[in-house]
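Note: the block below is query-v9.cif and it holds mmCIF, C-alpha atoms and all ligand atoms.
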data_query
#
loop_
_atom_site.label_atom_id
_atom_site.label_comp_id
_atom_site.auth_asym_id
_atom_site.auth_seq_id
_atom_site.Cartn_x
_atom_site.Cartn_y
_atom_site.Cartn_z
CA MET A 1 13.49 -84.26 71.01
CA VAL A 2 12.73 -80.75 72.36
CA LYS A 3 16.27 -80.55 73.70
CA LYS A 4 17.72 -81.42 70.28
CA ARG A 5 15.60 -78.75 68.59
CA LYS A 6 16.70 -76.16 71.18
CA LEU A 7 20.29 -77.09 70.54
CA ALA A 8 19.86 -76.70 66.77
CA ILE A 9 18.19 -73.28 67.13
CA GLY A 10 20.95 -72.26 69.55
CA ALA A 11 23.59 -73.30 67.01
CA ILE A 12 21.90 -71.36 64.21
CA VAL A 13 21.57 -68.24 66.37
CA PHE A 14 25.21 -68.53 67.42
CA ALA A 15 26.33 -68.92 63.80
CA ALA A 16 24.26 -65.91 62.74
CA VAL A 17 25.59 -63.73 65.57
CA PHE A 18 29.14 -64.87 64.82
CA PHE A 19 28.68 -64.13 61.10
CA LEU A 20 27.36 -60.63 61.77
CA ALA A 21 30.04 -59.88 64.35
CA TYR A 22 32.72 -61.08 61.94
CA ARG A 23 31.24 -59.09 59.07
CA PHE A 24 30.94 -55.85 61.03
CA PHE A 25 33.68 -55.91 63.65
CA LEU A 26 36.32 -58.52 63.00
CA SER A 27 36.77 -58.97 59.25
CA PRO A 28 39.65 -57.09 57.70
CA GLN A 29 38.15 -54.13 55.83
CA LYS A 30 38.17 -54.39 52.10
CA LEU A 31 39.91 -51.74 49.98
CA TYR A 32 37.67 -50.19 47.34
CA GLU A 33 39.11 -48.20 44.43
CA ILE A 34 37.60 -46.05 41.73
CA GLU A 35 39.18 -44.21 38.80
CA ALA A 36 37.64 -41.60 36.53
CA PHE A 37 39.22 -39.90 33.58
CA GLY A 38 39.04 -36.46 32.06
CA ILE A 39 37.21 -34.59 34.82
CA MET A 40 38.63 -31.06 35.13
CA ASP A 41 41.02 -32.09 32.39
CA THR A 42 42.64 -34.58 34.74
CA ASP A 43 42.32 -38.12 36.03
CA VAL A 44 41.14 -38.90 39.52
CA SER A 45 41.52 -41.98 41.66
CA ILE A 46 40.13 -42.68 45.13
CA LYS A 47 40.93 -45.57 47.45
CA ALA A 48 38.87 -46.16 50.57
CA TYR A 49 38.26 -48.67 53.31
CA GLY A 50 34.86 -49.03 54.96
CA ARG A 51 31.49 -50.67 54.68
CA ASN A 52 29.74 -48.06 52.53
CA ALA A 53 32.83 -47.26 50.58
CA GLU A 54 31.74 -48.49 47.17
CA SER A 55 28.70 -46.22 46.79
CA ALA A 56 30.44 -43.38 48.64
CA LEU A 57 33.21 -43.44 46.02
CA ASP A 58 30.64 -43.10 43.22
CA GLU A 59 29.11 -40.15 45.05
CA ALA A 60 32.51 -38.48 45.43
CA ILE A 61 33.16 -38.76 41.69
CA TRP A 62 29.73 -37.25 40.98
CA GLU A 63 30.62 -34.41 43.31
CA MET A 64 33.75 -33.65 41.30
CA LYS A 65 31.72 -33.68 38.07
CA ARG A 66 29.16 -31.35 39.64
CA ILE A 67 31.86 -28.88 40.63
CA ASP A 68 33.46 -29.07 37.18
CA GLN A 69 30.13 -28.06 35.65
CA LEU A 70 29.95 -25.00 37.90
CA PHE A 71 33.48 -23.76 37.29
CA SER A 72 34.77 -24.94 33.92
CA ALA A 73 35.88 -22.09 31.66
CA PHE A 74 35.34 -24.46 28.72
CA SER A 75 31.77 -25.54 29.40
CA PRO A 76 29.38 -22.90 28.00
CA ASP A 77 26.78 -23.50 30.74
CA SER A 78 29.08 -22.99 33.71
CA TYR A 79 28.80 -19.94 35.93
CA VAL A 80 32.39 -19.07 35.04
CA SER A 81 31.48 -18.99 31.33
CA LYS A 82 28.46 -16.80 32.11
CA ILE A 83 30.67 -14.38 34.04
CA ASN A 84 33.21 -14.35 31.19
CA GLU A 85 30.56 -13.74 28.52
CA ALA A 86 29.21 -10.81 30.53
CA ALA A 87 32.65 -9.20 31.00
CA GLY A 88 32.39 -5.45 30.49
CA ILE A 89 28.61 -5.77 30.17
CA ALA A 90 26.92 -6.78 33.43
CA PRO A 91 27.40 -8.50 36.80
CA VAL A 92 26.27 -12.13 37.01
CA GLU A 93 24.48 -13.58 40.02
CA VAL A 94 26.03 -16.83 41.23
CA PRO A 95 25.23 -19.37 43.98
CA PRO A 96 27.03 -18.89 47.33
CA GLU A 97 29.33 -21.83 46.58
CA VAL A 98 30.62 -20.24 43.36
CA PHE A 99 30.88 -16.83 45.00
CA SER A 100 32.97 -18.15 47.89
CA VAL A 101 35.52 -19.90 45.64
CA ILE A 102 35.93 -16.75 43.53
CA GLU A 103 36.23 -14.66 46.70
CA ARG A 104 38.98 -17.02 47.96
CA ALA A 105 40.77 -16.75 44.60
CA VAL A 106 40.70 -12.96 44.90
CA TYR A 107 42.07 -13.28 48.45
CA PHE A 108 45.05 -15.25 47.11
CA SER A 109 45.56 -12.66 44.39
CA GLU A 110 45.69 -9.95 47.03
CA ILE A 111 48.12 -11.69 49.39
CA THR A 112 50.43 -12.65 46.50
CA GLY A 113 50.37 -9.14 44.99
CA GLY A 114 48.93 -10.65 41.80
CA SER A 115 51.36 -13.56 41.28
CA PHE A 116 48.20 -15.62 41.60
CA ASP A 117 45.66 -14.15 39.22
CA PRO A 118 42.44 -15.93 38.20
CA THR A 119 41.90 -13.48 35.33
CA ILE A 120 44.73 -15.21 33.47
CA LEU A 121 42.33 -16.86 30.95
CA PRO A 122 42.96 -14.59 27.90
CA VAL A 123 46.71 -15.22 28.21
CA MET A 124 46.20 -18.97 28.64
CA THR A 125 44.05 -18.94 25.49
CA LEU A 126 46.64 -16.91 23.58
CA TRP A 127 49.28 -19.54 24.37
CA GLY A 128 46.78 -22.14 23.18
CA PHE A 129 46.35 -23.90 26.53
CA GLY A 130 42.98 -25.62 26.58
CA THR A 131 43.10 -25.89 22.76
CA ALA A 132 44.77 -28.30 20.34
CA LYS A 133 47.00 -25.56 18.89
CA LYS A 134 49.57 -24.41 21.41
CA SER A 135 52.29 -22.02 20.30
CA LYS A 136 54.43 -19.17 21.53
CA PRO A 137 52.65 -15.88 20.83
CA SER A 138 54.30 -12.74 19.50
CA ARG A 139 55.48 -10.23 22.08
CA GLU A 140 53.05 -7.59 20.78
CA LYS A 141 50.04 -9.84 21.07
CA LEU A 142 51.13 -10.96 24.50
CA LEU A 143 51.51 -7.39 25.77
CA LYS A 144 48.12 -6.45 24.37
CA THR A 145 46.45 -9.50 25.94
CA MET A 146 48.15 -8.86 29.27
CA GLU A 147 46.04 -5.68 29.52
CA LEU A 148 43.09 -7.99 30.20
CA VAL A 149 44.75 -9.66 33.19
CA ASP A 150 44.03 -7.85 36.44
CA TYR A 151 42.32 -9.39 39.45
CA ARG A 152 41.56 -5.86 40.76
CA LYS A 153 39.00 -5.59 37.97
CA ILE A 154 36.94 -8.41 39.48
CA GLU A 155 34.02 -6.76 41.23
CA LEU A 156 32.35 -8.82 43.94
CA ASP A 157 29.01 -7.73 45.36
CA PHE A 158 28.49 -9.59 48.64
CA GLU A 159 24.90 -8.40 49.06
CA LYS A 160 23.72 -9.44 45.63
CA SER A 161 26.11 -12.40 45.26
CA THR A 162 27.25 -11.13 41.87
CA VAL A 163 30.59 -11.24 40.06
CA TYR A 164 31.54 -8.68 37.43
CA LEU A 165 34.62 -8.51 35.24
CA LYS A 166 34.92 -4.83 34.53
CA LYS A 167 36.63 -4.98 31.12
CA ALA A 168 35.30 -6.63 27.96
CA GLY A 169 37.52 -9.52 26.90
CA MET A 170 38.50 -10.42 30.45
CA GLY A 171 38.02 -14.04 31.55
CA LEU A 172 38.17 -16.08 34.73
CA ASP A 173 40.20 -19.29 34.87
CA LEU A 174 39.96 -20.97 38.28
CA GLY A 175 42.12 -23.92 37.21
CA ALA A 176 44.68 -23.18 39.94
CA ILE A 177 42.23 -23.52 42.84
CA VAL A 178 39.14 -25.45 41.81
CA LYS A 179 40.66 -28.93 41.80
CA GLY A 180 41.64 -28.37 45.41
CA TYR A 181 38.13 -27.20 46.16
CA ALA A 182 36.77 -30.36 44.52
CA VAL A 183 39.06 -32.52 46.66
CA ASP A 184 37.80 -30.76 49.82
CA LYS A 185 34.22 -31.44 48.74
CA MET A 186 34.96 -35.09 47.89
CA HIS A 187 36.49 -35.37 51.35
CA ASP A 188 33.22 -34.00 52.81
CA VAL A 189 31.14 -36.52 50.85
CA LEU A 190 33.24 -39.46 52.08
CA LYS A 191 33.21 -38.25 55.70
CA ALA A 192 29.43 -37.74 55.59
CA ARG A 193 29.12 -41.37 54.52
CA GLY A 194 31.20 -42.49 57.49
CA ILE A 195 34.35 -43.25 55.49
CA GLU A 196 37.37 -42.47 57.68
CA SER A 197 40.20 -44.09 55.74
CA PHE A 198 40.72 -42.86 52.18
CA LEU A 199 43.16 -41.45 49.67
CA ILE A 200 42.02 -39.05 46.94
CA ASN A 201 44.31 -38.14 44.06
CA ALA A 202 43.00 -35.66 41.51
CA GLY A 203 45.93 -34.95 39.20
CA GLY A 204 48.47 -33.94 41.81
CA ASN A 205 45.89 -32.79 44.36
CA VAL A 206 45.98 -35.43 47.07
CA TYR A 207 44.10 -35.83 50.35
CA ALA A 208 45.01 -38.57 52.81
CA GLY A 209 42.13 -39.29 55.19
CA GLY A 210 42.70 -41.14 58.48
CA LYS A 211 44.90 -44.21 58.80
CA LYS A 212 44.69 -47.55 57.06
CA PRO A 213 42.79 -50.24 59.02
CA ASP A 214 46.09 -51.87 60.03
CA GLY A 215 47.06 -48.62 61.78
CA THR A 216 49.69 -47.54 59.25
CA LEU A 217 49.68 -44.13 57.55
CA TRP A 218 49.03 -43.44 53.89
CA ARG A 219 52.29 -42.93 52.01
CA VAL A 220 52.14 -40.26 49.33
CA ALA A 221 54.90 -39.98 46.73
CA VAL A 222 55.88 -36.51 45.51
CA THR A 223 56.70 -36.49 41.80
CA ASP A 224 60.23 -35.51 40.85
CA PRO A 225 59.73 -32.59 38.43
CA LEU A 226 63.08 -33.34 36.79
CA ASP A 227 62.08 -36.96 36.16
CA PRO A 228 58.27 -37.17 36.41
CA SER A 229 58.27 -40.96 36.04
CA GLY A 230 60.12 -41.07 39.37
CA TYR A 231 59.57 -39.42 42.73
CA LEU A 232 61.41 -36.95 44.91
CA GLY A 233 60.40 -38.54 48.18
CA VAL A 234 57.53 -39.88 50.22
CA ILE A 235 55.34 -38.28 52.88
CA GLU A 236 53.48 -40.24 55.52
CA ALA A 237 50.22 -38.34 55.78
CA GLN A 238 47.06 -38.29 57.88
CA ASP A 239 44.09 -35.93 57.49
CA ILE A 240 46.03 -33.58 55.30
CA SER A 241 46.20 -32.46 51.68
CA LEU A 242 49.31 -32.39 49.52
CA VAL A 243 49.09 -30.40 46.32
CA SER A 244 51.76 -30.21 43.63
CA SER A 245 52.22 -27.79 40.76
CA GLY A 246 54.80 -28.55 38.11
CA ASP A 247 56.15 -27.59 34.71
CA TYR A 248 55.75 -31.26 33.70
CA GLN A 249 51.96 -31.35 34.12
CA ARG A 250 50.89 -29.45 30.99
CA TYR A 251 53.31 -28.08 28.43
CA PHE A 252 54.43 -28.00 24.82
CA GLU A 253 57.86 -27.62 23.28
CA GLU A 254 58.90 -25.22 20.56
CA GLY A 255 62.45 -24.70 19.32
CA GLY A 256 63.71 -27.00 22.07
CA VAL A 257 62.13 -24.83 24.81
CA ARG A 258 59.41 -26.06 27.17
CA TYR A 259 56.46 -23.73 27.62
CA HIS A 260 54.24 -24.81 30.50
CA HIS A 261 50.84 -23.84 31.91
CA ILE A 262 51.71 -21.75 34.97
CA ILE A 263 52.01 -18.16 33.81
CA ASP A 264 53.78 -15.38 35.65
CA PRO A 265 51.18 -12.58 35.49
CA GLY A 266 54.08 -10.10 35.73
CA THR A 267 55.43 -11.15 32.33
CA GLY A 268 52.80 -13.25 30.53
CA TYR A 269 55.40 -16.00 30.07
CA PRO A 270 55.55 -19.34 31.91
CA ALA A 271 56.99 -18.78 35.39
CA SER A 272 60.65 -19.76 35.42
CA VAL A 273 61.97 -19.78 39.01
CA CYS A 274 60.69 -23.26 39.90
CA VAL A 275 59.97 -26.52 38.13
CA GLY A 276 57.84 -27.90 40.94
CA THR A 277 56.20 -27.00 44.25
CA THR A 278 54.28 -29.07 46.78
CA VAL A 279 52.15 -27.59 49.57
CA ILE A 280 50.92 -29.49 52.62
CA LEU A 281 47.87 -28.07 54.44
CA PRO A 282 44.54 -29.40 55.72
CA SER A 283 42.60 -27.34 53.13
CA SER A 284 43.18 -28.68 49.62
CA LYS A 285 41.72 -25.50 48.10
CA ASP A 286 44.25 -23.32 49.89
CA ALA A 287 47.09 -25.75 49.19
CA ASP A 288 46.14 -25.68 45.50
CA ALA A 289 46.12 -21.89 45.27
CA LEU A 290 49.38 -21.69 47.20
CA SER A 291 51.23 -24.34 45.19
CA THR A 292 50.57 -22.25 42.07
CA SER A 293 51.45 -19.01 43.88
CA PHE A 294 54.71 -20.38 45.31
CA PHE A 295 55.59 -21.81 41.90
CA VAL A 296 55.42 -18.30 40.43
CA LEU A 297 57.14 -16.60 43.38
CA GLY A 298 59.93 -19.11 44.16
CA PRO A 299 61.30 -19.81 47.66
CA ASP A 300 62.84 -16.40 48.42
CA ARG A 301 59.70 -14.39 47.70
CA SER A 302 57.36 -16.96 49.31
CA ALA A 303 58.56 -16.97 52.93
CA ASP A 304 56.48 -14.01 54.18
CA LEU A 305 53.41 -15.38 52.48
CA ALA A 306 53.87 -18.88 53.91
CA LYS A 307 53.98 -17.39 57.43
CA LEU A 308 50.28 -16.55 57.06
CA PHE A 309 49.51 -20.30 57.13
CA PRO A 310 50.66 -21.85 60.43
CA GLY A 311 51.44 -25.55 60.14
CA ILE A 312 52.11 -25.33 56.40
CA GLY A 313 54.80 -27.42 54.69
CA VAL A 314 56.26 -26.44 51.31
CA ILE A 315 58.74 -28.17 49.04
CA PHE A 316 60.22 -26.12 46.20
CA VAL A 317 62.24 -27.60 43.36
CA GLU A 318 64.00 -24.67 41.78
CA THR A 319 64.95 -24.53 38.13
CA GLY A 320 68.35 -26.24 38.08
CA GLY A 321 67.25 -28.83 40.64
CA ASN A 322 67.95 -27.23 44.02
CA VAL A 323 65.39 -28.37 46.60
CA ALA A 324 64.29 -25.92 49.29
CA THR A 325 61.72 -26.54 52.02
CA TYR A 326 59.66 -24.36 54.32
CA GLY A 327 57.74 -25.20 57.49
CA ILE A 328 56.62 -28.62 58.58
CA VAL A 329 58.02 -31.25 56.27
CA ASP A 330 59.39 -33.53 59.06
CA ASN A 331 57.61 -36.59 57.76
CA PHE A 332 58.92 -36.10 54.24
CA GLN A 333 61.57 -38.68 53.45
CA PHE A 334 63.75 -37.74 50.51
CA LYS A 335 64.43 -40.68 48.24
P1 LIG B 401 48.01 -25.57 39.09
O1 LIG B 401 48.18 -26.79 38.25
O2 LIG B 401 47.10 -25.73 40.25
O3 LIG B 401 49.31 -24.97 39.49
O4 LIG B 401 47.25 -24.50 38.20
C1 LIG B 401 47.62 -24.19 36.90
C2 LIG B 401 46.40 -23.69 36.16
O5 LIG B 401 45.97 -22.46 36.76
C3 LIG B 401 46.66 -23.39 34.72
O6 LIG B 401 46.33 -24.49 33.90
C4 LIG B 401 45.77 -22.19 34.47
O7 LIG B 401 44.45 -22.65 34.26
C5 LIG B 401 45.79 -21.44 35.78
N1 LIG B 401 46.90 -20.50 35.97
C6 LIG B 401 48.07 -20.39 35.28
N2 LIG B 401 48.84 -19.43 35.79
C7 LIG B 401 48.16 -18.90 36.85
C8 LIG B 401 48.42 -17.85 37.78
N3 LIG B 401 49.57 -17.16 37.76
N4 LIG B 401 47.48 -17.59 38.71
C9 LIG B 401 46.32 -18.27 38.76
N5 LIG B 401 46.01 -19.25 37.90
C10 LIG B 401 46.92 -19.57 36.96
MG MG B 402 47.12 -24.79 42.11
#
Entire entry expressed as structure tokens:
Amino acid sequence: MVKKRKLAIGAIVFAAVFFLAYRFFLSPQKLYEIEAFGIMDTDVSIKAYGRNAESALDEAIWEMKRIDQLFSAFSPDSYVSKINEAAGIAPVEVPPEVFSVIERAVYFSEITGGSFDPTILPVMTLWGFGTAKKSKPSREKLLKTMELVDYRKIELDFEKSTVYLKKAGMGLDLGAIVKGYAVDKMHDVLKARGIESFLINAGGNVYAGGKKPDGTLWRVAVTDPLDPSGYLGVIEAQDISLVSSGDYQRYFEEGGVRYHHIIDPGTGYPASVCVGTTVILPSSKDADALSTSFFVLGPDRSADLAKLFPGIGVIFVETGGNVATYGIVDNFQFK
């Protein structure tokens, strides 16, 4: 009798241990996915493997929303809106996080000689980007508005953590860098929750974290700017960000001409050398700023700049369709 009971308890213990071992060590990890729409004017999707993945994905989406509220030029309560409202009036104190992103944006303005310029907002607004009514402005209005675009008139006070736009009417638009920053922060949230295998895609800003549980790499398709429903090629990626800028992402057409959302601060018109750029770097924030910068500069004027970022990979699709690459794009397979 006692022996039988011992046997039964032994069997239950064995089953419980086996169940736990299977659950935690042996079972194939489940893939969790989340999608959210309209954050930072884009859609975001995250895939992840791992035990805490489901709640970690929710947290990552909240992180993106939090960052949007800090930086959106369209939300009246954001720090960026406060800075813009106080242009020509007074410096605005901002949290260290906001200060550091603006400081990085100014850094990219400096190293690109102003081809990247986060004070582009008044010109974006004149073209109607961010509004329902987009149209080509008159040359006179454009020239007048261009007087408000100058990153050298952003005054940063490191001691007081303040940002000041020196001329009334100026406005910050961090749309070319902040999505990348958000992807970096979502990456941090997932890592802090012990998620090692994930793929974030926030409207062309991608981060591939780790490998899939079966040991294979994430495969990331790069959109073909000349046929955005298709792709140019695929990159096998691990612990790296891939950020694309393109004339197909936001645009309107007038008189048979496409006017898109990446403005050449030298002219006030949409940049015309490239139709698409993709930058591969560990930092999504830097890759974001650079994809926009390289888009404006084109391959010939970008080489010296790219040298500042060892390990970088860049794919340019020039207007007309020529594809040029720079740096490490070995694992990019053209279609
Ligand atoms: P992206 O899609 O990252 O290339 O960024 C494009 C967005 O950045 C636009 O929607 C504008 O908000 C802003 N932008 C446009 N032109 C520039 C520029 N030359 N420098 C910095 N930001 C820009
Ligand atoms: Mg960008």
Proximity to Ala90 (chain A) - best of A:Lys166, A:Lys136, A:Lys285, A:His261, all atoms listed in the file: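 Of the candidates, the smallest distance to Ala90 (chain A) is held by A:Lys166.
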Contacts of ligand MG 402 (chain B), 7 Å or closer, all atoms listed in the file, given as JSON, numbers by chain: {"A": [176, 177, 245, 288, 289, 290, 291, 292]}
Restricted to C-alpha atoms, what would the selected residues look like written as a PDB file, in the coordinates of the input?
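Listed below is the output, part_27.pdb:
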ATOM      1  CA  ALA A 176      44.680 -23.180  39.940  1.00  0.00           C
ATOM      2  CA  ILE A 177      42.230 -23.520  42.840  1.00  0.00           C
ATOM      3  CA  SER A 245      52.220 -27.790  40.760  1.00  0.00           C
ATOM      4  CA  ASP A 288      46.140 -25.680  45.500  1.00  0.00           C
ATOM      5  CA  ALA A 289      46.120 -21.890  45.270  1.00  0.00           C
ATOM      6  CA  LEU A 290      49.380 -21.690  47.200  1.00  0.00           C
ATOM      7  CA  SER A 291      51.230 -24.340  45.190  1.00  0.00           C
ATOM      8  CA  THR A 292      50.570 -22.250  42.070  1.00  0.00           C
TER       9      THR A 292
END
Test item: residues no farther than 9 Å from ligand LIG 401 (chain B), counting only C-alpha atoms and all ligand atoms, as a ChimeraX atom specification: /A:73,105,108-109,114-121,123-124,129-130,173-180,203-205,243-247,249-250,260-266,268,270-271,277,287-293,295-296
Å distance separating CA of Glu85 (chain A) from CA of Tyr164 (chain A), one decimal place: 10.3 Å
For Leu305 (chain A), the nearest of the candidates A:Pro76, A:Gly10, A:Gly327, A:Gly88, counting all atoms listed in the file: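 Closest residue, counting all atoms listed in the file: A:Gly327.
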Atom-to-atom span, CA of Leu31 (chain A) and CA of Gly194 (chain A), Å: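 Between CA of Leu31 (chain A) and CA of Gly194 (chain A) the gap is 14.8 Å.
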Shell of 7 Å around Gly209 (chain A), only C-alpha atoms, local chain residues under 2 positions omitted, as a list in words: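 Counting only the stated atoms, we get Glu196, Ser197, Phe198, Leu199, Tyr207, Lys211, Gln238, Asp239 and Ile240 of chain A.
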Can I get N, CA and C atoms for region 239-252 of chain A, as a PDB file, in the first residue's frame?
ATOM      1  N   ASP A 239      21.062  42.031 -34.593  1.00  0.00           N
ATOM      2  CA  ASP A 239      21.442  43.127 -33.691  1.00  0.00           C
ATOM      3  C   ASP A 239      21.863  44.380 -34.461  1.00  0.00           C
ATOM      4  N   ILE A 240      21.023  44.748 -35.378  1.00  0.00           N
ATOM      5  CA  ILE A 240      21.339  45.905 -36.214  1.00  0.00           C
ATOM      6  C   ILE A 240      20.042  46.571 -36.669  1.00  0.00           C
ATOM      7  N   SER A 241      20.154  47.874 -36.953  1.00  0.00           N
ATOM      8  CA  SER A 241      18.995  48.609 -37.458  1.00  0.00           C
ATOM      9  C   SER A 241      19.147  48.885 -38.947  1.00  0.00           C
ATOM     10  N   LEU A 242      18.040  48.888 -39.642  1.00  0.00           N
ATOM     11  CA  LEU A 242      18.030  49.230 -41.071  1.00  0.00           C
ATOM     12  C   LEU A 242      16.951  50.285 -41.259  1.00  0.00           C
ATOM     13  N   VAL A 243      17.350  51.448 -41.716  1.00  0.00           N
ATOM     14  CA  VAL A 243      16.380  52.536 -41.831  1.00  0.00           C
ATOM     15  C   VAL A 243      16.323  53.042 -43.274  1.00  0.00           C
ATOM     16  N   SER A 244      15.106  53.145 -43.786  1.00  0.00           N
ATOM     17  CA  SER A 244      14.937  53.594 -45.173  1.00  0.00           C
ATOM     18  C   SER A 244      14.208  54.927 -45.226  1.00  0.00           C
ATOM     19  N   SER A 245      14.670  55.780 -46.137  1.00  0.00           N
ATOM     20  CA  SER A 245      13.944  57.000 -46.493  1.00  0.00           C
ATOM     21  C   SER A 245      13.573  56.875 -47.958  1.00  0.00           C
ATOM     22  N   GLY A 246      12.398  57.363 -48.331  1.00  0.00           N
ATOM     23  CA  GLY A 246      12.026  57.228 -49.735  1.00  0.00           C
ATOM     24  C   GLY A 246      11.019  58.264 -50.183  1.00  0.00           C
ATOM     25  N   ASP A 247      11.013  58.517 -51.495  1.00  0.00           N
ATOM     26  CA  ASP A 247      10.068  59.503 -52.042  1.00  0.00           C
ATOM     27  C   ASP A 247       8.663  58.923 -52.142  1.00  0.00           C
ATOM     28  N   TYR A 248       8.541  57.614 -51.832  1.00  0.00           N
ATOM     29  CA  TYR A 248       7.254  56.917 -51.922  1.00  0.00           C
ATOM     30  C   TYR A 248       6.526  56.899 -50.576  1.00  0.00           C
ATOM     31  N   GLN A 249       7.198  57.392 -49.514  1.00  0.00           N
ATOM     32  CA  GLN A 249       6.603  57.243 -48.176  1.00  0.00           C
ATOM     33  C   GLN A 249       5.506  58.278 -47.913  1.00  0.00           C
ATOM     34  N   ARG A 250       5.749  59.517 -48.278  1.00  0.00           N
ATOM     35  CA  ARG A 250       4.750  60.573 -48.095  1.00  0.00           C
ATOM     36  C   ARG A 250       4.892  61.553 -49.246  1.00  0.00           C
ATOM     37  N   TYR A 251       3.847  61.705 -50.015  1.00  0.00           N
ATOM     38  CA  TYR A 251       3.959  62.608 -51.175  1.00  0.00           C
ATOM     39  C   TYR A 251       2.570  62.991 -51.684  1.00  0.00           C
ATOM     40  N   PHE A 252       2.540  63.991 -52.567  1.00  0.00           N
ATOM     41  CA  PHE A 252       1.320  64.272 -53.322  1.00  0.00           C
ATOM     42  C   PHE A 252       1.744  64.563 -54.756  1.00  0.00           C
TER      43      PHE A 252
END
